[in-house]
file work04.txt (compact mmCIF, C-alpha atoms)
# COMPACT_ATOMS: atom_id res chain seq x y z
CA PRO E 1 55.07 2.38 42.15
CA ARG E 2 54.22 0.83 38.81
CA GLY E 3 54.11 3.13 35.80
CA ASP E 4 50.31 2.97 35.61
CA THR E 5 49.84 4.01 39.25
CA ARG E 6 52.66 6.53 39.73
CA LEU E 7 50.47 9.59 39.31
CA THR E 8 47.80 8.24 41.63
CA SER E 9 50.48 7.56 44.26
CA CYS E 10 51.91 11.07 43.93
CA PHE E 11 48.50 12.71 44.20
CA LEU E 12 47.57 10.51 47.16
CA SER E 13 50.76 11.40 49.02
CA SER E 14 50.28 15.11 48.34
CA SER E 15 46.81 14.83 49.87
CA PHE E 16 48.34 14.27 53.29
CA GLY E 17 49.89 17.74 53.10
CA GLU E 18 46.43 19.11 52.40
CA LEU E 19 45.17 17.11 55.38
CA GLY E 20 47.54 19.15 57.56
CA ILE E 21 46.00 22.32 56.15
CA ALA E 22 42.55 20.94 56.94
CA ILE E 23 43.56 20.32 60.55
CA GLY E 24 44.90 23.89 60.63
CA PHE E 25 41.44 25.15 59.66
CA LEU E 26 39.60 22.99 62.17
CA VAL E 27 41.72 23.01 65.35
CA PRO E 28 42.66 26.70 65.96
CA PRO E 29 39.05 27.97 66.32
CA ILE E 30 38.49 25.21 68.89
CA LEU E 31 41.71 25.87 70.84
CA VAL E 32 41.43 29.66 70.66
CA PRO E 33 37.82 30.76 71.31
CA ASN E 34 36.68 34.31 70.64
CA VAL E 35 36.96 35.87 74.12
CA GLU E 36 37.34 39.48 75.24
CA ASP E 37 39.86 38.84 78.04
CA LYS E 38 43.32 39.31 76.51
CA ASP E 39 45.05 37.27 79.23
CA GLU E 40 42.75 34.31 78.63
CA LEU E 41 43.19 34.72 74.88
CA ALA E 42 46.99 34.72 75.30
CA HIS E 43 46.74 31.55 77.40
CA HIS E 44 44.79 29.72 74.69
CA ILE E 45 47.19 30.90 71.98
CA SER E 46 50.20 29.70 74.00
CA ILE E 47 48.62 26.25 74.37
CA MET E 48 48.13 26.09 70.59
CA PHE E 49 51.75 27.10 70.00
CA TYR E 50 53.03 24.48 72.45
CA ILE E 51 51.04 21.79 70.64
CA THR E 52 52.38 22.99 67.29
CA ALA E 53 55.95 22.94 68.62
CA GLY E 54 55.48 19.39 69.94
CA VAL E 55 54.18 18.10 66.62
CA ALA E 56 56.97 19.88 64.70
CA THR E 57 59.59 18.38 67.04
CA LEU E 58 58.17 14.89 66.54
CA LEU E 59 58.29 15.33 62.77
CA PHE E 60 61.87 16.60 62.99
CA VAL E 61 62.92 13.48 64.91
CA LEU E 62 61.21 11.24 62.37
CA VAL E 63 62.95 12.99 59.48
CA VAL E 64 66.37 12.67 61.13
CA PHE E 65 66.16 9.05 62.26
CA VAL E 66 63.58 7.37 60.02
CA PHE E 67 63.53 9.00 56.58
CA GLN E 68 65.92 7.75 53.92
CA GLU E 69 68.07 10.31 52.16
CA ARG E 70 66.83 8.95 48.84
CA PRO E 71 65.34 5.68 47.53
CA ARG E 72 67.71 2.88 46.58
CA LEU E 73 66.45 2.95 43.00
CA PRO E 74 65.71 6.25 41.19
CA PRO E 75 61.93 6.76 41.09
CA THR E 76 61.97 8.57 37.75
CA GLN E 77 64.09 8.77 34.62
CA ALA E 78 64.97 12.37 35.47
CA GLN E 79 66.38 11.23 38.80
CA ALA E 80 68.29 8.44 37.05
CA VAL E 81 69.85 11.01 34.73
CA ALA E 82 70.62 13.34 37.66
CA ARG E 83 72.34 10.55 39.61
CA SER E 84 74.52 9.72 36.60
CA ILE E 85 75.92 13.27 36.59
CA PRO E 86 78.90 13.79 38.93
CA PRO E 87 78.08 16.34 41.68
CA GLU E 88 80.87 18.64 40.58
CA GLN E 89 79.36 18.88 37.09
CA TYR E 90 75.78 19.64 38.21
CA SER E 91 74.83 23.32 38.42
CA TYR E 92 71.62 24.34 40.16
CA ILE E 93 71.87 27.86 38.72
CA ALA E 94 72.30 26.50 35.19
CA SER E 95 69.24 24.30 35.68
CA ILE E 96 67.14 27.29 36.78
CA LEU E 97 68.34 29.34 33.80
CA ARG E 98 67.36 26.53 31.41
CA LEU E 99 63.92 26.39 32.99
CA LEU E 100 63.47 30.15 32.71
CA ARG E 101 64.07 29.85 28.95
CA ASN E 102 61.27 27.29 28.68
CA LYS E 103 58.27 29.37 27.51
CA PRO E 104 55.52 26.83 28.32
CA PHE E 105 56.97 26.44 31.82
CA ILE E 106 57.08 30.22 32.32
CA LEU E 107 53.38 30.40 31.46
CA LEU E 108 52.72 27.57 33.91
CA ILE E 109 54.67 29.38 36.65
CA ILE E 110 52.44 32.45 36.22
CA THR E 111 49.15 30.54 35.96
CA TYR E 112 50.04 28.27 38.89
CA GLY E 113 50.91 31.29 40.99
CA LEU E 114 47.61 32.99 40.11
CA ASN E 115 45.50 29.94 41.02
CA VAL E 116 47.31 28.91 44.19
CA GLY E 117 47.73 32.55 45.24
CA CYS E 118 43.93 32.92 45.08
CA PHE E 119 43.59 29.76 47.16
CA TYR E 120 45.99 31.12 49.77
CA ALA E 121 44.09 34.41 49.90
CA VAL E 122 40.74 32.66 50.33
CA GLY E 123 42.15 30.40 53.04
CA THR E 124 43.78 33.26 54.92
CA LEU E 125 40.76 35.57 54.83
CA LEU E 126 38.08 32.88 55.07
CA ASN E 127 37.40 33.38 58.78
CA ARG E 128 37.14 37.13 58.26
CA MET E 129 34.70 36.78 55.36
CA ILE E 130 32.50 34.26 57.18
CA ILE E 131 32.36 36.31 60.40
CA GLU E 132 31.38 39.44 58.46
CA HIS E 133 28.26 37.76 57.11
CA TYR E 134 27.66 35.22 59.89
CA PRO E 135 28.71 36.76 63.26
CA GLY E 136 29.63 34.30 66.00
CA GLU E 137 30.29 31.40 63.57
CA GLU E 138 34.04 31.10 64.18
CA VAL E 139 33.89 27.32 64.62
CA ASN E 140 31.83 26.89 61.47
CA ALA E 141 34.33 29.08 59.61
CA GLY E 142 36.97 26.53 60.54
CA ARG E 143 34.69 23.72 59.42
CA ILE E 144 34.17 25.45 56.08
CA GLY E 145 37.94 25.60 55.67
CA LEU E 146 38.10 21.90 56.52
CA THR E 147 35.43 21.23 53.90
CA ILE E 148 37.45 23.10 51.27
CA VAL E 149 40.56 21.02 51.89
CA ILE E 150 38.83 17.64 52.28
CA ALA E 151 36.98 18.23 49.01
CA GLY E 152 40.32 19.19 47.46
CA MET E 153 41.87 15.92 48.65
CA VAL E 154 39.12 14.04 46.84
CA GLY E 155 39.69 16.19 43.76
CA SER E 156 43.43 15.47 43.87
CA LEU E 157 42.85 11.73 44.02
CA ILE E 158 40.38 11.80 41.15
CA CYS E 159 42.76 13.89 39.04
CA GLY E 160 45.57 11.41 39.74
CA VAL E 161 43.48 8.42 38.66
CA TRP E 162 42.29 10.32 35.57
CA LEU E 163 45.82 11.27 34.51
CA ASP E 164 47.03 7.70 35.05
CA ARG E 165 44.39 6.54 32.57
CA THR E 166 44.45 9.35 29.98
CA LYS E 167 47.76 11.27 30.28
CA THR E 168 45.81 14.40 29.20
CA TYR E 169 47.83 16.91 31.22
CA LYS E 170 46.93 20.17 29.49
CA GLN E 171 43.27 19.32 28.98
CA THR E 172 42.85 18.29 32.62
CA THR E 173 44.76 21.33 33.89
CA LEU E 174 42.66 23.69 31.78
CA ALA E 175 39.39 22.03 32.81
CA VAL E 176 40.25 22.16 36.53
CA TYR E 177 41.37 25.79 36.18
CA LEU E 178 38.12 26.73 34.48
CA MET E 179 36.07 24.98 37.15
CA SER E 180 38.08 26.80 39.83
CA LEU E 181 36.98 30.07 38.22
CA VAL E 182 33.35 28.89 38.12
CA GLY E 183 33.56 27.76 41.73
CA MET E 184 34.98 31.11 42.82
CA ILE E 185 32.18 32.99 41.02
CA VAL E 186 29.49 30.84 42.66
CA TYR E 187 31.13 31.18 46.08
CA ALA E 188 31.31 34.96 45.75
CA ALA E 189 27.71 35.20 44.62
CA THR E 190 26.27 33.03 47.42
CA LEU E 191 28.40 34.10 50.39
CA ASP E 192 25.93 36.76 51.58
CA LEU E 193 22.67 34.84 51.04
CA GLY E 194 22.32 34.20 54.76
CA HIS E 195 22.32 30.40 54.54
CA LEU E 196 25.46 28.84 56.01
CA TRP E 197 24.75 25.41 54.48
CA VAL E 198 24.94 27.01 51.03
CA VAL E 199 28.41 28.33 51.87
CA PHE E 200 29.48 24.83 52.89
CA ILE E 201 28.42 23.47 49.50
CA THR E 202 29.88 26.28 47.38
CA ALA E 203 33.13 26.39 49.37
CA GLY E 204 33.45 22.61 49.06
CA SER E 205 32.95 22.84 45.30
CA LEU E 206 35.58 25.58 45.13
CA GLY E 207 38.02 23.50 47.16
CA PHE E 208 37.40 20.39 45.05
CA PHE E 209 38.89 22.10 42.01
CA MET E 210 41.18 24.76 43.47
CA THR E 211 42.94 22.48 45.96
CA GLY E 212 42.89 19.64 43.46
CA TYR E 213 44.87 21.86 41.08
CA LEU E 214 47.90 22.01 43.41
CA PRO E 215 49.50 18.61 42.62
CA LEU E 216 48.19 18.74 39.06
CA GLY E 217 50.37 21.79 38.40
CA PHE E 218 53.44 19.98 39.75
CA GLU E 219 52.90 17.00 37.46
CA PHE E 220 52.36 19.21 34.41
CA ALA E 221 55.56 21.08 35.26
CA VAL E 222 57.55 17.84 35.40
CA GLU E 223 56.26 16.94 31.95
CA LEU E 224 57.24 20.33 30.50
CA THR E 225 60.72 20.44 32.07
CA TYR E 226 62.01 16.86 31.66
CA PRO E 227 64.86 15.90 32.17
CA GLU E 228 65.46 18.70 34.67
CA CYS E 229 65.20 17.76 38.34
CA GLU E 230 61.61 17.73 39.61
CA GLY E 231 62.65 19.54 42.78
CA THR E 232 63.83 22.58 40.80
CA SER E 233 60.61 23.01 38.84
CA SER E 234 58.50 22.39 41.95
CA GLY E 235 60.52 24.98 43.87
CA LEU E 236 59.90 27.63 41.22
CA LEU E 237 56.16 26.88 41.26
CA ASN E 238 56.07 27.18 45.04
CA CYS E 239 57.97 30.46 44.89
CA SER E 240 55.44 31.86 42.39
CA ALA E 241 52.54 30.69 44.57
CA GLN E 242 53.99 32.35 47.67
CA VAL E 243 54.60 35.66 45.88
CA PHE E 244 51.11 35.80 44.37
CA GLY E 245 49.61 34.58 47.66
CA ILE E 246 51.13 37.49 49.57
CA ILE E 247 50.04 40.02 46.93
CA PHE E 248 46.48 38.66 46.69
CA THR E 249 46.01 38.34 50.46
CA ILE E 250 47.07 41.93 51.12
CA SER E 251 45.12 43.30 48.13
CA GLN E 252 41.94 41.38 48.89
CA GLY E 253 42.14 42.40 52.53
CA LYS E 254 42.31 46.06 51.53
CA LEU E 255 39.38 45.63 49.13
CA ILE E 256 37.30 43.93 51.84
CA ASP E 257 38.04 46.80 54.22
CA THR E 258 37.02 49.39 51.67
CA TYR E 259 34.32 47.82 49.49
CA GLY E 260 33.29 44.54 51.17
CA THR E 261 33.77 40.83 50.58
CA LEU E 262 32.08 40.77 47.17
CA ALA E 263 34.61 43.20 45.70
CA GLY E 264 37.47 41.19 47.16
CA ASN E 265 36.17 37.95 45.67
CA ILE E 266 35.54 39.58 42.28
CA PHE E 267 39.18 40.70 42.38
CA LEU E 268 40.23 37.04 42.66
CA CYS E 269 37.79 36.00 39.92
CA VAL E 270 39.43 38.42 37.50
CA PHE E 271 42.86 36.88 38.01
CA LEU E 272 41.49 33.34 37.80
CA LEU E 273 39.98 34.31 34.44
CA ILE E 274 43.38 35.64 33.30
CA GLY E 275 45.01 32.40 34.47
CA THR E 276 42.46 30.28 32.62
CA VAL E 277 43.10 32.13 29.35
CA MET E 278 46.89 31.86 29.80
CA THR E 279 46.61 28.14 30.53
CA GLY E 280 44.99 27.71 27.12
CA PHE E 281 48.17 29.10 25.53
CA ILE E 282 50.52 26.63 27.24
CA LYS E 283 52.04 24.32 24.62
CA SER E 284 51.51 20.70 25.60
CA ASP E 285 55.13 19.61 25.19
CA LEU E 286 55.04 16.39 27.21
CA ARG E 287 58.75 15.64 27.22
CA ARG E 288 58.64 12.94 29.88
CA GLN E 289 55.87 11.06 28.08
CA ASN E 290 57.79 11.31 24.81
CA ALA E 291 60.92 10.00 26.52
CA ASN E 292 58.96 7.14 28.06
CA ARG E 293 57.48 6.22 24.69
CA THR E 294 60.93 6.32 23.10
CA ALA E 295 62.35 4.13 25.86
CA LYS E 296 59.49 1.64 25.52
CA ALA E 297 59.95 1.53 21.74
CA MET E 298 63.66 0.91 22.22
CA VAL E 299 62.98 -1.87 24.72
CA SER E 300 60.44 -3.43 22.35
CA TRP E 301 62.93 -3.24 19.47
CA LEU E 302 65.70 -4.81 21.55
CA SER E 303 63.32 -7.53 22.75
CA ALA E 304 62.35 -8.29 19.15
CA CYS E 305 66.01 -8.44 18.09
CA LEU E 306 66.85 -10.69 21.02
CA SER E 307 63.92 -12.96 20.22
CA PHE E 308 65.06 -13.12 16.57
CA LEU E 309 68.60 -14.01 17.56
CA VAL E 310 67.38 -16.68 19.97
CA ASN E 311 65.23 -18.21 17.25
CA ILE E 312 68.19 -18.24 14.87
CA PHE E 313 70.34 -19.85 17.56
CA TYR E 314 67.78 -22.61 18.11
CA PHE E 315 67.40 -23.06 14.36
CA LEU E 316 71.17 -23.51 13.95
CA ILE E 317 71.21 -26.01 16.79
CA PHE E 318 68.37 -27.89 15.13
CA CYS E 319 70.17 -27.89 11.77
CA LYS E 320 73.38 -29.05 13.42
CA THR E 321 71.55 -31.86 15.21
CA CYS E 322 69.85 -32.96 12.01
CA PHE E 323 73.19 -32.91 10.17
CA ILE E 324 74.90 -34.97 12.86
CA ASN E 325 72.05 -37.49 12.89
CA GLU E 326 72.22 -37.77 9.11
CA MET E 327 75.95 -38.35 9.25
CA VAL E 328 75.56 -41.00 11.95
CA ASN E 329 72.85 -42.77 9.97
CA SER E 330 74.95 -42.70 6.80
CA LEU E 331 77.96 -44.05 8.66
CA SER E 332 75.88 -46.79 10.25
CA ILE E 333 74.51 -47.88 6.86
CA ASN E 334 77.98 -47.95 5.34
CA LEU E 335 79.28 -50.12 8.18
CA LEU E 336 76.37 -52.58 7.80
CA LEU E 337 76.83 -53.01 4.03
CA PRO E 338 79.18 -55.94 2.98
call {"tool": "encode", "arguments": {"input": "work04.txt", "output": "structure tokens"}}
result
Amino acid sequence: PRGDTRLTSCFLSSSFGELGIAIGFLVPPILVPNVEDKDELAHHISIMFYITAGVATLLFVLVVFVFQERPRLPPTQAQAVARSIPPEQYSYIASILRLLRNKPFILLIITYGLNVGCFYAVGTLLNRMIIEHYPGEEVNAGRIGLTIVIAGMVGSLICGVWLDRTKTYKQTTLAVYLMSLVGMIVYAATLDLGHLWVVFITAGSLGFFMTGYLPLGFEFAVELTYPECEGTSSGLLNCSAQVFGIIFTISQGKLIDTYGTLAGNIFLCVFLLIGTVMTGFIKSDLRRQNANRTAKAMVSWLSACLSFLVNIFYFLIFCKTCFINEMVNSLSINLLLP
């Protein structure tokens, strides 16, 4: 994609992963109804697993036979640098060690893990929280999960367009993080009001910012870690998210069992507050943007030099032509004189 649409394209493509999550919220409550008969329940679960296996097999075949190993041209300058390094000289461990010495990136790893870990916990325990306050609403619990992710897809797209126009990575990340905290507080405060439509609205607002933060964190990480490979930084962010997701899901589940859903949601709000404060301390060292500006300045300078040389070349040709014409005219006059 063109330079002014690259971020929008990345955010749009990441939205399709979130679409899979949305389908995961919507379809299982339909395929597996809440029945007392364990044999019937096992039958419905097996059908769901067979469908999942079929879809996974289809995707595997597409990856093997359709997907390219890599694009013909490197999509980013970091990939161009990585391709110029011989494989025997590239060290994945050395790259990770360099990233772990990058203080702004370490802060981003922690804050990303806190935010996405809270999202994983909410998504995992959503059905349990909804059923506790709204018994018999299993299908609507799935629809609320769908609403969270669909709203997040819209948020991702808007963030991508905004970053394409402004390149304000830290400011946008901090604003989305803060709004995730606000959304979590509102969701926790309105969950037990007894009105399911309110939960749809507050959960959608929460998803708009919390799910929208997922690709935003990846893009900010690429800026902070250039020219390291994007896959390495993204892998570390995912690892942090999985670790915090497991911790938060287990902890919130225990709190819900002991003190109720409000205590569990307050637990997540506390860590979102910590993540918001830590995000404010991340130094906005946009290395990729600086490299792009340097490259553009170099290209502009070379273009100006080339244009200057071309003008000099044409000027010399003009002078030579004028000189030759003058010589021809002088010779013609001399020949015509007696």
call {"tool": "closest_residue", "arguments": {"input": "work04.txt", "among": "E:Leu316, E:Pro215, E:Ser303, E:Tyr177", "to": "Leu114 of chain E", "atoms": "only C-alpha atoms"}}
result
E:Tyr177
call {"tool": "residues_around", "arguments": {"input": "work04.txt", "residues": "segment 216-222 of chain E", "least_positions_apart": "3", "cutoff": "7 Å", "atoms": "only C-alpha atoms", "output": "list in words"}}
result
Phe105, Tyr112, Tyr169, Thr173, Gly212, Tyr213, Thr225, Tyr226, Glu230, Ser233 and Ser234 of chain E
call {"tool": "closest_residue", "arguments": {"input": "work04.txt", "among": "E:Leu108, E:Leu62, E:Gly183, E:Thr52", "to": "Ser240 of chain E", "atoms": "all atoms listed in the file"}}
result
E:Leu108
call {"tool": "closest_residue", "arguments": {"input": "work04.txt", "among": "E:Ile51, E:Leu26, E:Val270, E:Val66", "to": "Leu146 of chain E", "atoms": "only C-alpha atoms"}}
result
E:Leu26
call {"tool": "closest_residue", "arguments": {"input": "work04.txt", "among": "E:Ala53, E:Leu125, E:Val149, E:Ala304", "to": "Leu19 of chain E", "atoms": "all atoms listed in the file"}}
result
E:Val149
call {"tool": "atom_distance", "arguments": {"input": "work04.txt", "atom1": "atom CA of Asn265 of chain E", "atom2": "atom CA of Leu193 of chain E"}}
result
14.9 Å
call {"tool": "closest_residue", "arguments": {"input": "work04.txt", "among": "E:Leu273, E:Ala121, E:Ala22, E:Leu178", "to": "Ala151 of chain E", "atoms": "all atoms listed in the file"}}
result
E:Ala22
call {"tool": "closest_residue", "arguments": {"input": "work04.txt", "among": "E:Leu73, E:Ile30, E:Met210, E:Ile110", "to": "Gly123 of chain E", "atoms": "all atoms listed in the file"}}
result
E:Met210
call {"tool": "residues_around", "arguments": {"input": "work04.txt", "residues": "Leu107 of chain E", "least_positions_apart": "3", "cutoff": "7 Å", "atoms": "only C-alpha atoms", "output": "VMD selection string"}}
result
chain E and resid 103 to 104 110 to 111 278 282
call {"tool": "write_last_selection", "arguments": {"input": "work04.txt", "atoms": "C-alpha atoms", "output": "mmCIF file, in the frame of the given file"}}
result
data_model
loop_
_atom_site.group_PDB
_atom_site.id
_atom_site.type_symbol
_atom_site.label_atom_id
_atom_site.label_comp_id
_atom_site.auth_asym_id
_atom_site.auth_seq_id
_atom_site.Cartn_x
_atom_site.Cartn_y
_atom_site.Cartn_z
ATOM 1 C CA LYS E 103 58.270 29.370 27.510
ATOM 2 C CA PRO E 104 55.520 26.830 28.320
ATOM 3 C CA ILE E 110 52.440 32.450 36.220
ATOM 4 C CA THR E 111 49.150 30.540 35.960
ATOM 5 C CA MET E 278 46.890 31.860 29.800
ATOM 6 C CA ILE E 282 50.520 26.630 27.240
#
call {"tool": "atom_distance", "arguments": {"input": "work04.txt", "atom1": "atom CA of Val27 of chain E", "atom2": "atom CA of Val139 of chain E"}}
result
9.0 Å
call {"tool": "atom_distance", "arguments": {"input": "work04.txt", "atom1": "atom CA of Pro28 of chain E", "atom2": "atom CA of Thr190 of chain E"}}
result
25.5 Å
call {"tool": "decode", "arguments": {"input": "work04.txt", "residues": "segment 143-194 of chain E", "atoms": "C-alpha atoms", "output": "tab-separated table (two decimals), in the first residue's frame"}}
result
chain	number	residue	atom	x	y	z
E	143	ARG	CA	-24.42	-11.25	21.11
E	144	ILE	CA	-22.88	-8.90	23.66
E	145	GLY	CA	-19.50	-10.46	22.92
E	146	LEU	CA	-20.17	-9.95	19.22
E	147	THR	CA	-21.03	-6.32	19.91
E	148	ILE	CA	-17.75	-5.83	21.77
E	149	VAL	CA	-15.68	-7.13	18.87
E	150	ILE	CA	-17.65	-5.44	16.07
E	151	ALA	CA	-17.36	-2.12	17.88
E	152	GLY	CA	-13.64	-2.83	18.28
E	153	MET	CA	-13.29	-3.42	14.53
E	154	VAL	CA	-14.78	0.02	13.92
E	155	GLY	CA	-12.42	1.48	16.52
E	156	SER	CA	-9.43	-0.19	14.85
E	157	LEU	CA	-10.34	1.25	11.47
E	158	ILE	CA	-10.84	4.75	12.87
E	159	CYS	CA	-7.50	4.57	14.71
E	160	GLY	CA	-5.77	3.48	11.49
E	161	VAL	CA	-7.20	6.39	9.50
E	162	TRP	CA	-6.34	8.80	12.32
E	163	LEU	CA	-2.73	7.61	12.55
E	164	ASP	CA	-2.35	7.81	8.76
E	165	ARG	CA	-3.30	11.48	8.97
E	166	THR	CA	-1.58	12.57	12.19
E	167	LYS	CA	1.19	10.07	13.06
E	168	THR	CA	0.44	10.82	16.76
E	169	TYR	CA	1.26	7.35	18.09
E	170	LYS	CA	1.75	8.06	21.78
E	171	GLN	CA	-1.11	10.54	22.07
E	172	THR	CA	-3.53	8.17	20.34
E	173	THR	CA	-2.35	5.19	22.38
E	174	LEU	CA	-2.73	7.10	25.64
E	175	ALA	CA	-6.18	8.43	24.70
E	176	VAL	CA	-7.47	4.98	23.70
E	177	TYR	CA	-6.01	3.47	26.89
E	178	LEU	CA	-7.70	6.10	29.02
E	179	MET	CA	-11.03	5.56	27.27
E	180	SER	CA	-10.65	1.79	27.82
E	181	LEU	CA	-10.39	2.51	31.54
E	182	VAL	CA	-13.47	4.77	31.41
E	183	GLY	CA	-15.37	2.14	29.43
E	184	MET	CA	-14.46	-0.57	31.93
E	185	ILE	CA	-15.64	1.59	34.85
E	186	VAL	CA	-18.98	2.32	33.14
E	187	TYR	CA	-19.44	-1.34	32.21
E	188	ALA	CA	-18.76	-2.46	35.79
E	189	ALA	CA	-21.13	0.13	37.22
E	190	THR	CA	-24.05	-0.68	34.89
E	191	LEU	CA	-23.79	-4.47	34.63
E	192	ASP	CA	-26.25	-5.13	37.47
E	193	LEU	CA	-28.85	-2.45	36.65
E	194	GLY	CA	-31.23	-5.05	35.25
